[in-house]
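Peer 1: Before I ask anything, let me first share the structure, which is written out below as structure tokens.
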Amino acid sequence: MTFEEMLRRAKTGDHEATTSILTMYRPMLIRYAIINGRLDEDLYQELCITLMRAIKLFKI
Amino acid sequence: MRQRGNGQIGDELQIRFTGYLIQAVKRTQRDYLMSLYKDSTQEVLTEEIYAIGKTLEQEVMEQMPFWETIEDSALLYALKQLDERERYILLGRVLDEHSFDLLGAKQGLSYKGAAAVYYRAIKKVRRIIKEVNSRDI
């Protein structure tokens, strides 16, 4: 599955495609969720929600 | 993170999405840190107030200059009539409870000299307060 296909499916609410994108971007989200050398779990959750919102709002 | 082998159009789309996501993630991180900072400063303030247990009036009084905290106008007037050295020794003795040795050393006086200035200042203050109060009546 190409990234475009994956993104299109995720936009329609496909659970598998959304999980794949989340898995793909997880390292980046974790990097931004580290505050003072510690993973801030609340921030990580917020960033996951941001990813979901980005999937919905991004125009292909 | 980047999915390979999708051709140039797929790559470009992924790069665009990644850029879009990075912006959104940075904004979320900034907002989160701001709210965390606000919460922490408010918590510290509340804790400090309760830990010290001071009323608002006490806090305001502590921030005011010494002259403003004296409510007795006669005393204030009397203190203002003293010269700098008399006032320093009187207040140092009464408020800070310093010894005449220390107060004298700071003003270049002996123990006896500082004590003499102190008792003279006390007399002066009493006399002025008496005069002011008799005039008021």
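Residue names in the structure tokens use chain letters A, B, ... in the order shown, residue numbers from 1 in each chain, and ligand numbers from 1 in the order shown.
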Considering only C-alpha atoms, tabulate each residue of chain A that lies at most 7 Å from chain B along with its nearest interatomic pair and the corresponding distance in Å to one decimal; arrange the rows by chain and ascending residue number and present them as a tab-separated table.
Peer 2:
residue	atom	partner	partner_atom	distance
A:Thr2	CA	B:Asn6	CA	5.6
A:Phe3	CA	B:Gly10	CA	6.2
A:Glu4	CA	B:Gly10	CA	6.0
A:Met24	CA	B:Met1	CA	4.9
A:Tyr25	CA	B:Met1	CA	5.8
A:Leu43	CA	B:Tyr32	CA	6.9
A:Leu47	CA	B:Val25	CA	6.0
A:Thr50	CA	B:Val25	CA	6.5
A:Leu51	CA	B:Leu21	CA	6.7
A:Ala54	CA	B:Leu21	CA	6.2
Peer 1: Which residues are close to segment 111-123 of chain B, i.e. within 12 Å by only C-alpha atoms, leaving aside same-chain residues fewer than 3 positions away? Reply as JSON, numbers by chain.
Peer 2: {"B": [75, 78, 79, 80, 81, 82, 83, 84, 85, 86, 87, 88, 89, 90, 91, 92, 93, 94, 98, 99, 100, 101, 102, 103, 104, 105, 106, 107, 108, 126, 127, 128, 129, 130]}
Peer 1: So the first atom is atom CA of Ile30 of chain A and the second is atom CA of Gly13 of chain A; what is the distance between them in Å, to one decimal place?
Peer 2: 23.4 Å
Peer 1: Quick check, in Å to one decimal: how far apart do atom CA of Phe58 of chain A and atom CA of Lys11 of chain A lie?
Peer 2: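 Taking atom CA of Phe58 of chain A as the start and atom CA of Lys11 of chain A as the end point, the length is 8.9 Å.
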Peer 1: Show me, as an MDAnalysis selection string, the residues that have an atom within 12 Å of Ala10 of chain A when counting only C-alpha atoms, minus same-chain residues fewer than 4 positions from it.
Peer 2: chainID A and resid 3:6 14:22 51:58
Peer 1: Write out as a ChimeraX atom specification all residues of chain A that DSSP puts in helix (DSSP H, G or I) for this structure's backbone.
Peer 2: /A:3-11,15-32,41-57
Peer 1: Neighbours of Tyr44 of chain A within 8 Å (only C-alpha atoms; same-chain residues fewer than 6 positions away dropped), as a JSON list (two decimals) with N, CA, C and O atoms, in the first residue's frame?
Peer 2:
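What ended up in part-v6.json:
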[["chain", "number", "residue", "atom", "x", "y", "z"],
["A", 29, "LEU", "N", 6.76, 11.43, 17.27],
["A", 29, "LEU", "CA", 5.89, 11.91, 18.35],
["A", 29, "LEU", "C", 6.57, 11.73, 19.71],
["A", 29, "LEU", "O", 6.49, 12.61, 20.57],
["A", 30, "ILE", "N", 7.25, 10.60, 19.87],
["A", 30, "ILE", "CA", 7.95, 10.34, 21.14],
["A", 30, "ILE", "C", 9.06, 11.39, 21.34],
["A", 30, "ILE", "O", 9.23, 11.92, 22.43],
["A", 32, "TYR", "N", 9.15, 14.43, 20.33],
["A", 32, "TYR", "CA", 8.57, 15.73, 20.74],
["A", 32, "TYR", "C", 7.89, 15.65, 22.11],
["A", 32, "TYR", "O", 7.58, 16.69, 22.70],
["A", 33, "ALA", "N", 7.66, 14.44, 22.60],
["A", 33, "ALA", "CA", 6.97, 14.29, 23.91],
["A", 33, "ALA", "C", 7.96, 14.15, 25.06],
["A", 33, "ALA", "O", 7.56, 13.99, 26.21]]
Peer 1: Using only C-alpha atoms, can you tell me which of A:Ile35, A:Ile60, A:Asp42, A:Cys48 comes closest to Thr23 of chain A?
Peer 2: A:Cys48
Peer 1: Tell me, in Å to one decimal, how far atom CA of Leu7 of chain A is from atom CA of Gly19 of chain B.
Peer 2: 14.7 Å
